[in-house]
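File shown: start-v3.cif. Contents: mmCIF, C-alpha atoms.
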```
data_upload
loop_
_atom_site.group_PDB
_atom_site.id
_atom_site.type_symbol
_atom_site.label_atom_id
_atom_site.label_comp_id
_atom_site.auth_asym_id
_atom_site.auth_seq_id
_atom_site.Cartn_x
_atom_site.Cartn_y
_atom_site.Cartn_z
ATOM 1 C CA MET A 1 0.000 0.000 0.000
ATOM 2 C CA ARG A 2 1.274 3.450 -0.888
ATOM 3 C CA LYS A 3 2.019 6.073 1.674
ATOM 4 C CA PRO A 4 -0.419 8.976 1.319
ATOM 5 C CA ASP A 5 2.369 11.434 0.519
ATOM 6 C CA THR A 6 4.070 9.283 -2.164
ATOM 7 C CA ASP A 7 2.250 10.957 -5.070
ATOM 8 C CA GLU A 8 3.094 14.353 -3.619
ATOM 9 C CA THR A 9 6.771 13.368 -3.325
ATOM 10 C CA ILE A 10 6.779 12.145 -6.927
ATOM 11 C CA GLY A 11 5.123 15.327 -8.190
ATOM 12 C CA ASN A 12 7.534 17.501 -6.248
ATOM 13 C CA ASN A 13 10.499 15.498 -7.513
ATOM 14 C CA VAL A 14 9.322 15.697 -11.132
ATOM 15 C CA HIS A 15 9.063 19.466 -10.769
ATOM 16 C CA GLY A 16 12.373 19.767 -8.905
ATOM 17 C CA ILE A 17 14.495 17.789 -11.336
ATOM 18 C CA ARG A 18 12.952 19.587 -14.311
ATOM 19 C CA ILE A 19 13.694 22.984 -12.779
ATOM 20 C CA ALA A 20 17.195 21.852 -11.741
ATOM 21 C CA ARG A 21 17.945 21.075 -15.391
ATOM 22 C CA ARG A 22 16.459 24.432 -16.404
ATOM 23 C CA ILE A 23 14.043 22.759 -18.782
ATOM 24 C CA SER A 24 10.779 24.508 -19.504
ATOM 25 C CA MET A 25 7.458 22.716 -19.325
ATOM 26 C CA GLN A 26 7.169 22.959 -23.109
ATOM 27 C CA GLU A 27 10.620 21.483 -23.667
ATOM 28 C CA ALA A 28 9.816 18.568 -21.352
ATOM 29 C CA VAL A 29 6.463 18.011 -23.065
ATOM 30 C CA ASN A 30 8.106 18.092 -26.500
ATOM 31 C CA GLY A 31 10.644 15.513 -25.349
ATOM 32 C CA MET A 32 7.928 13.230 -24.029
ATOM 33 C CA ARG A 33 5.995 13.577 -27.284
ATOM 34 C CA GLU A 34 9.115 12.603 -29.231
ATOM 35 C CA LEU A 35 9.205 9.436 -27.136
ATOM 36 C CA GLY A 36 5.592 8.615 -28.008
ATOM 37 C CA HIS A 37 3.679 10.023 -25.047
ATOM 38 C CA SER A 38 0.659 12.239 -25.670
ATOM 39 C CA TRP A 39 1.625 14.803 -23.079
ATOM 40 C CA SER A 40 0.594 18.428 -22.936
ATOM 41 C CA LYS A 41 1.662 21.161 -20.553
ATOM 42 C CA THR A 42 -1.524 20.368 -18.633
ATOM 43 C CA THR A 43 -0.363 16.756 -18.226
ATOM 44 C CA LEU A 44 2.967 17.834 -16.788
ATOM 45 C CA PHE A 45 1.360 20.477 -14.597
ATOM 46 C CA SER A 46 -1.076 17.875 -13.249
ATOM 47 C CA ILE A 47 1.760 15.467 -12.415
ATOM 48 C CA GLU A 48 3.816 18.195 -10.759
ATOM 49 C CA HIS A 49 0.789 19.301 -8.729
ATOM 50 C CA ASN A 50 -0.282 15.792 -7.754
ATOM 51 C CA THR A 51 -3.598 15.637 -9.601
ATOM 52 C CA ARG A 52 -2.364 12.970 -12.034
ATOM 53 C CA ARG A 53 -0.143 10.007 -11.315
ATOM 54 C CA LEU A 54 3.069 9.463 -13.214
ATOM 55 C CA LEU A 55 3.185 6.062 -14.910
ATOM 56 C CA ALA A 56 6.358 4.007 -14.504
ATOM 57 C CA SER A 57 7.003 4.043 -18.265
ATOM 58 C CA GLU A 58 6.590 7.814 -18.247
ATOM 59 C CA ALA A 59 9.041 8.192 -15.370
ATOM 60 C CA PHE A 60 11.725 6.319 -17.315
ATOM 61 C CA ASP A 61 11.191 8.423 -20.448
ATOM 62 C CA PHE A 62 10.904 11.656 -18.478
ATOM 63 C CA LEU A 63 14.367 11.075 -17.031
ATOM 64 C CA ILE A 64 15.689 10.483 -20.554
ATOM 65 C CA CYS A 65 14.143 13.786 -21.686
ATOM 66 C CA LEU A 66 15.978 15.586 -18.897
ATOM 67 C CA GLY A 67 19.304 13.976 -19.726
ATOM 68 C CA TYR A 68 19.402 11.567 -16.807
ATOM 69 C CA ASP A 69 20.198 7.848 -16.917
ATOM 70 C CA PRO A 70 16.932 6.188 -15.799
ATOM 71 C CA GLU A 71 18.686 3.037 -14.638
ATOM 72 C CA LYS A 72 20.839 5.066 -12.225
ATOM 73 C CA ASP A 73 18.587 8.024 -11.519
ATOM 74 C CA LEU A 74 15.082 6.582 -11.092
ATOM 75 C CA MET A 75 15.175 7.395 -7.376
ATOM 76 C CA LEU A 76 15.343 11.078 -8.265
ATOM 77 C CA ILE A 77 11.650 10.695 -9.031
ATOM 78 C CA PHE A 78 10.550 8.065 -6.535
ATOM 79 C CA GLY A 79 12.829 8.789 -3.589
ATOM 80 C CA GLU A 80 12.965 11.627 -1.149
ATOM 81 C CA PRO A 81 13.742 14.845 -2.993
ATOM 82 C CA PRO A 82 17.367 15.911 -3.157
ATOM 83 C CA SER A 83 18.272 18.992 -1.181
ATOM 84 C CA PRO A 84 18.943 22.318 -2.889
ATOM 85 C CA ALA A 85 22.634 21.704 -2.192
ATOM 86 C CA ASP A 86 22.407 18.363 -4.032
ATOM 87 C CA TYR A 87 20.862 20.089 -7.044
ATOM 88 C CA SER A 88 23.584 22.754 -6.945
ATOM 89 C CA ILE A 89 26.310 20.125 -6.790
ATOM 90 C CA GLN A 90 24.744 18.269 -9.720
ATOM 91 C CA ARG A 91 24.661 21.515 -11.692
ATOM 92 C CA CYS A 92 28.328 22.186 -10.892
ATOM 93 C CA GLY A 93 29.160 18.719 -12.176
ATOM 94 C CA ARG A 94 27.288 19.324 -15.424
ATOM 95 C CA CYS A 95 29.006 22.702 -15.846
ATOM 96 C CA ALA A 96 32.417 21.162 -15.168
ATOM 97 C CA THR A 97 31.739 18.584 -17.866
ATOM 98 C CA LYS A 98 30.860 21.371 -20.320
ATOM 99 C CA VAL A 99 34.052 23.245 -19.439
ATOM 100 C CA GLU A 100 36.070 20.064 -19.898
ATOM 101 C CA ASP A 101 34.441 19.440 -23.284
ATOM 102 C CA ALA A 102 35.046 23.042 -24.371
ATOM 103 C CA TRP A 103 38.665 22.872 -23.194
ATOM 104 C CA ASN A 104 39.259 19.714 -25.209
ATOM 105 C CA VAL A 105 37.747 21.362 -28.298
ATOM 106 C CA TYR A 106 39.998 24.371 -27.680
ATOM 107 C CA LEU A 107 43.079 22.133 -27.423
ATOM 108 C CA GLY A 108 42.176 20.502 -30.741
ATOM 109 C CA ALA A 109 41.691 23.885 -32.390
ATOM 110 C CA LEU A 110 44.982 25.088 -30.874
ATOM 111 C CA GLU A 111 46.833 22.140 -32.375
ATOM 112 C CA VAL A 112 45.323 22.809 -35.813
ATOM 113 C CA ALA A 113 46.147 26.524 -35.553
ATOM 114 C CA GLU A 114 49.748 25.838 -34.581
ATOM 115 C CA LYS A 115 50.215 23.338 -37.423
ATOM 116 C CA SER A 116 48.653 25.820 -39.859
ATOM 117 C CA LEU A 117 50.962 28.603 -38.725
ATOM 118 C CA THR A 118 53.989 26.337 -39.106
ATOM 119 C CA ALA A 119 52.949 25.077 -42.551
ATOM 120 C CA GLU A 120 52.078 28.543 -43.874
ATOM 121 C CA THR A 121 55.347 29.966 -42.542
ATOM 122 C CA GLU A 122 57.347 27.184 -44.171
ATOM 123 C CA LYS A 123 55.561 27.767 -47.501
ATOM 124 C CA GLY A 124 56.252 31.481 -47.269
ATOM 125 C CA GLU A 125 52.534 32.330 -47.234
ATOM 126 C CA ILE A 126 52.915 34.298 -43.993
ATOM 127 C CA THR A 127 55.887 35.980 -42.371
ATOM 128 C CA LYS A 128 57.604 34.584 -39.306
ATOM 129 C CA GLU A 129 56.726 37.813 -37.463
ATOM 130 C CA TYR A 130 53.030 37.330 -38.216
ATOM 131 C CA ALA A 131 53.192 33.672 -37.131
ATOM 132 C CA ASP A 132 54.959 34.666 -33.906
ATOM 133 C CA ALA A 133 52.297 37.307 -33.176
ATOM 134 C CA GLN A 134 49.542 34.742 -33.723
ATOM 135 C CA GLN A 135 51.341 32.216 -31.493
ATOM 136 C CA LYS A 136 51.555 34.889 -28.804
ATOM 137 C CA LYS A 137 47.798 35.477 -29.109
ATOM 138 C CA LEU A 138 47.144 31.745 -28.751
ATOM 139 C CA ARG A 139 49.303 31.583 -25.615
ATOM 140 C CA THR A 140 47.637 34.696 -24.182
ATOM 141 C CA TRP A 141 44.240 32.957 -24.233
ATOM 142 C CA GLU A 142 45.670 29.881 -22.576
ATOM 143 C CA ARG A 143 47.505 31.944 -19.926
ATOM 144 C CA SER A 144 44.382 34.021 -19.305
ATOM 145 C CA MET A 145 42.285 30.905 -18.692
ATOM 146 C CA SER A 146 44.924 29.439 -16.405
ATOM 147 C CA GLU A 147 45.150 32.645 -14.372
ATOM 148 C CA ALA A 148 41.365 32.885 -14.083
ATOM 149 C CA ILE A 149 41.175 29.347 -12.744
ATOM 150 C CA LYS A 150 43.956 29.986 -10.229
ATOM 151 C CA LYS A 151 42.430 33.199 -8.914
ATOM 152 C CA LYS A 152 38.863 31.972 -8.446
ATOM 153 C CA GLU A 153 38.022 35.486 -7.350
ATOM 154 C CA ARG A 154 34.513 35.880 -6.099
ATOM 155 C CA SER A 155 32.409 38.965 -6.336
ATOM 156 C CA GLU A 156 30.350 40.300 -3.466
ATOM 157 C CA HIS A 157 27.472 38.094 -4.700
ATOM 158 C CA GLY A 158 29.488 34.929 -4.190
ATOM 159 C CA THR A 159 29.987 34.127 -7.857
ATOM 160 C CA GLY A 160 33.079 34.510 -9.898
ATOM 161 C CA THR A 161 33.386 35.155 -13.596
ATOM 162 C CA ILE A 162 36.268 34.975 -15.971
ATOM 163 C CA SER A 163 37.090 37.181 -18.874
ATOM 164 C CA LEU A 164 39.582 35.945 -21.396
ATOM 165 C CA LYS A 165 41.936 38.402 -23.045
ATOM 166 C CA THR A 166 41.281 38.034 -26.758
ATOM 167 C CA SER A 167 43.564 40.684 -28.174
#
```

Just dump the structure as structure tokens.
Amino acid sequence: MRKPDTDETIGNNVHGIRIARRISMQEAVNGMRELGHSWSKTTLFSIEHNTRRLLASEAFDFLICLGYDPEKDLMLIFGEPPSPADYSIQRCGRCATKVEDAWNVYLGALEVAEKSLTAETEKGEITKEYADAQQKKLRTWERSMSEAIKKKERSEHGTGTISLKTS
């Protein structure tokens, strides 16, 4: 037998994990429709406000729509809701992954740029002075990112931002 507050917990969790991922109701509904569910914003609203139960098959697909792994993360819906700190930590993890991905793309682009500068210099298409200036610019971006990470300066609002020198 279900506890009386189970549906309320599920509704609150559905709402909480959607908001934590910064996904609008319409985006979530569109994702569920793509997976074959005939959801509307009213459907999602009803689930989040405990006037409609979430089916198990919907829970699995809903997690997929939000970018979770249903096999690992099903308790995000059916368990006790994570704390705001848990959501913040999850968000930091997702942001760190994006930074890592962007850094790896940057390193690939850097390698291509350096090879291009070398090849064009060797062919006489650009001067050594121009190539050196461009190399300096490439290193300035890298140094700027490194310094920003080391500083981790925080503003009065408790957040820090970085600004890369691009010239």

What gap, in Å, lies between CA of Glu58 in chain A and CA of Arg33 in chain A?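 Going from CA of Glu58 in chain A over to CA of Arg33 in chain A covers 10.7 Å.
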
Show me a table, sorted first by chain and then by increasing residue number, of the residues of range 60-108 of chain A having an atom at most 10 Å from range 6-11 of chain A, each with its shortest atom pair and the distance in Å to one decimal, counting all atoms listed in the file and written as CSV.
```
residue,atom,partner,partner_atom,distance
A:Met75,CA,A:Ile10,CA,9.7
A:Leu76,CA,A:Ile10,CA,8.7
A:Ile77,CA,A:Ile10,CA,5.5
A:Phe78,CA,A:Ile10,CA,5.6
A:Gly79,CA,A:Thr9,CA,7.6
A:Glu80,CA,A:Thr9,CA,6.8
A:Pro81,CA,A:Thr9,CA,7.1
```

Using all atoms listed in the file, find the one residue out of A:Ile89, A:Leu117, A:Leu63, A:Met145 that sits nearest to Trp103 in chain A.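 Of all the options, A:Met145 lies closest to Trp103 in chain A.
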
Mind pulling up the distance from CA of Ser88 in chain A to CA of Glu48 in chain A?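 Taking CA of Glu48 in chain A and CA of Ser88 in chain A, their separation equals 20.6 Å.
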
What's the separation between CA of Gln90 in chain A and CA of Arg21 in chain A, in Å to one decimal place?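 Here the two named atoms are 9.3 Å from each other.
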
Given the PyMOL selection byres ((chain A and resi 45) around 12), the residues it picks as a PyMOL selection string: chain A and resi 11-12+14-15+18+24-26+28-29+39-44+46-54

When you count only C-alpha atoms, which of these residues is closest to Val99 in chain A: A:Lys137, A:Ile126, A:Ile149, A:Thr118?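 Residue with the minimum atom-to-atom distance to Val99 in chain A: A:Ile149.
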
Report as a list in words all protein, DNA and RNA residues lying within 8 Å of Phe60 in chain A, evaluated on all atoms listed in the file, omitting residues in the same chain fewer than 3 positions from it.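 Neighbouring residues, sequence-local ones excluded: Ala56, Ser57, Leu63, Ile64, Pro70 and Leu74 of chain A.
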
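Nearest residue to Ser116 in chain A among A:Asn104, A:Ile19, A:Glu129, A:Gln134 is A:Gln134, counting all atoms listed in the file.
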
Tell me which of A:Ala85, A:Ala20, A:Val105, A:Leu66 sits closest to Met32 in chain A, counting all atoms listed in the file. A:Leu66

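Taking only C-alpha atoms into account, the residues near (10.6, 9.4, -24.8), no farther than 7 Å, are Gly31, Met32, Arg33, Glu34, Leu35, Gly36, His37, Asp61, Phe62, Ile64 and Cys65 of chain A.
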
Apply the PyMOL selection byres ((chain A and resi 139) around 12) to the file shown and report the selected residues as a VMD selection string. chain A and resid 106 to 107 110 to 111 113 to 114 132 to 138 140 to 146 164 to 167

Restricting the output to C-alpha atoms, write the selected residues as a PDB file, keeping the file's coordinate frame.
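Final output, part-v8.pdb:
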```pdb
ATOM      1  CA  TYR A 106      39.998  24.371 -27.680  1.00  0.00           C
ATOM      2  CA  LEU A 107      43.079  22.133 -27.423  1.00  0.00           C
ATOM      3  CA  LEU A 110      44.982  25.088 -30.874  1.00  0.00           C
ATOM      4  CA  GLU A 111      46.833  22.140 -32.375  1.00  0.00           C
ATOM      5  CA  ALA A 113      46.147  26.524 -35.553  1.00  0.00           C
ATOM      6  CA  GLU A 114      49.748  25.838 -34.581  1.00  0.00           C
ATOM      7  CA  ASP A 132      54.959  34.666 -33.906  1.00  0.00           C
ATOM      8  CA  ALA A 133      52.297  37.307 -33.176  1.00  0.00           C
ATOM      9  CA  GLN A 134      49.542  34.742 -33.723  1.00  0.00           C
ATOM     10  CA  GLN A 135      51.341  32.216 -31.493  1.00  0.00           C
ATOM     11  CA  LYS A 136      51.555  34.889 -28.804  1.00  0.00           C
ATOM     12  CA  LYS A 137      47.798  35.477 -29.109  1.00  0.00           C
ATOM     13  CA  LEU A 138      47.144  31.745 -28.751  1.00  0.00           C
ATOM     14  CA  THR A 140      47.637  34.696 -24.182  1.00  0.00           C
ATOM     15  CA  TRP A 141      44.240  32.957 -24.233  1.00  0.00           C
ATOM     16  CA  GLU A 142      45.670  29.881 -22.576  1.00  0.00           C
ATOM     17  CA  ARG A 143      47.505  31.944 -19.926  1.00  0.00           C
ATOM     18  CA  SER A 144      44.382  34.021 -19.305  1.00  0.00           C
ATOM     19  CA  MET A 145      42.285  30.905 -18.692  1.00  0.00           C
ATOM     20  CA  SER A 146      44.924  29.439 -16.405  1.00  0.00           C
ATOM     21  CA  LEU A 164      39.582  35.945 -21.396  1.00  0.00           C
ATOM     22  CA  LYS A 165      41.936  38.402 -23.045  1.00  0.00           C
ATOM     23  CA  THR A 166      41.281  38.034 -26.758  1.00  0.00           C
ATOM     24  CA  SER A 167      43.564  40.684 -28.174  1.00  0.00           C
TER      25      SER A 167
END
```

Box for range 63-75 of chain A - axis-aligned, 4 Å on each of the six sides, all listed atoms - centre and size in Å to one decimal, as AutoDock Vina command-line options.
```
--center_x 17.5 --center_y 9.3 --center_z -14.5 --size_x 14.7 --size_y 20.5 --size_z 22.3
```

May I ask which of the residues A:Lys151, A:Arg91, A:Lys128, A:Lys98 is the closest one to Ile17 in chain A, counting only C-alpha atoms? A:Arg91
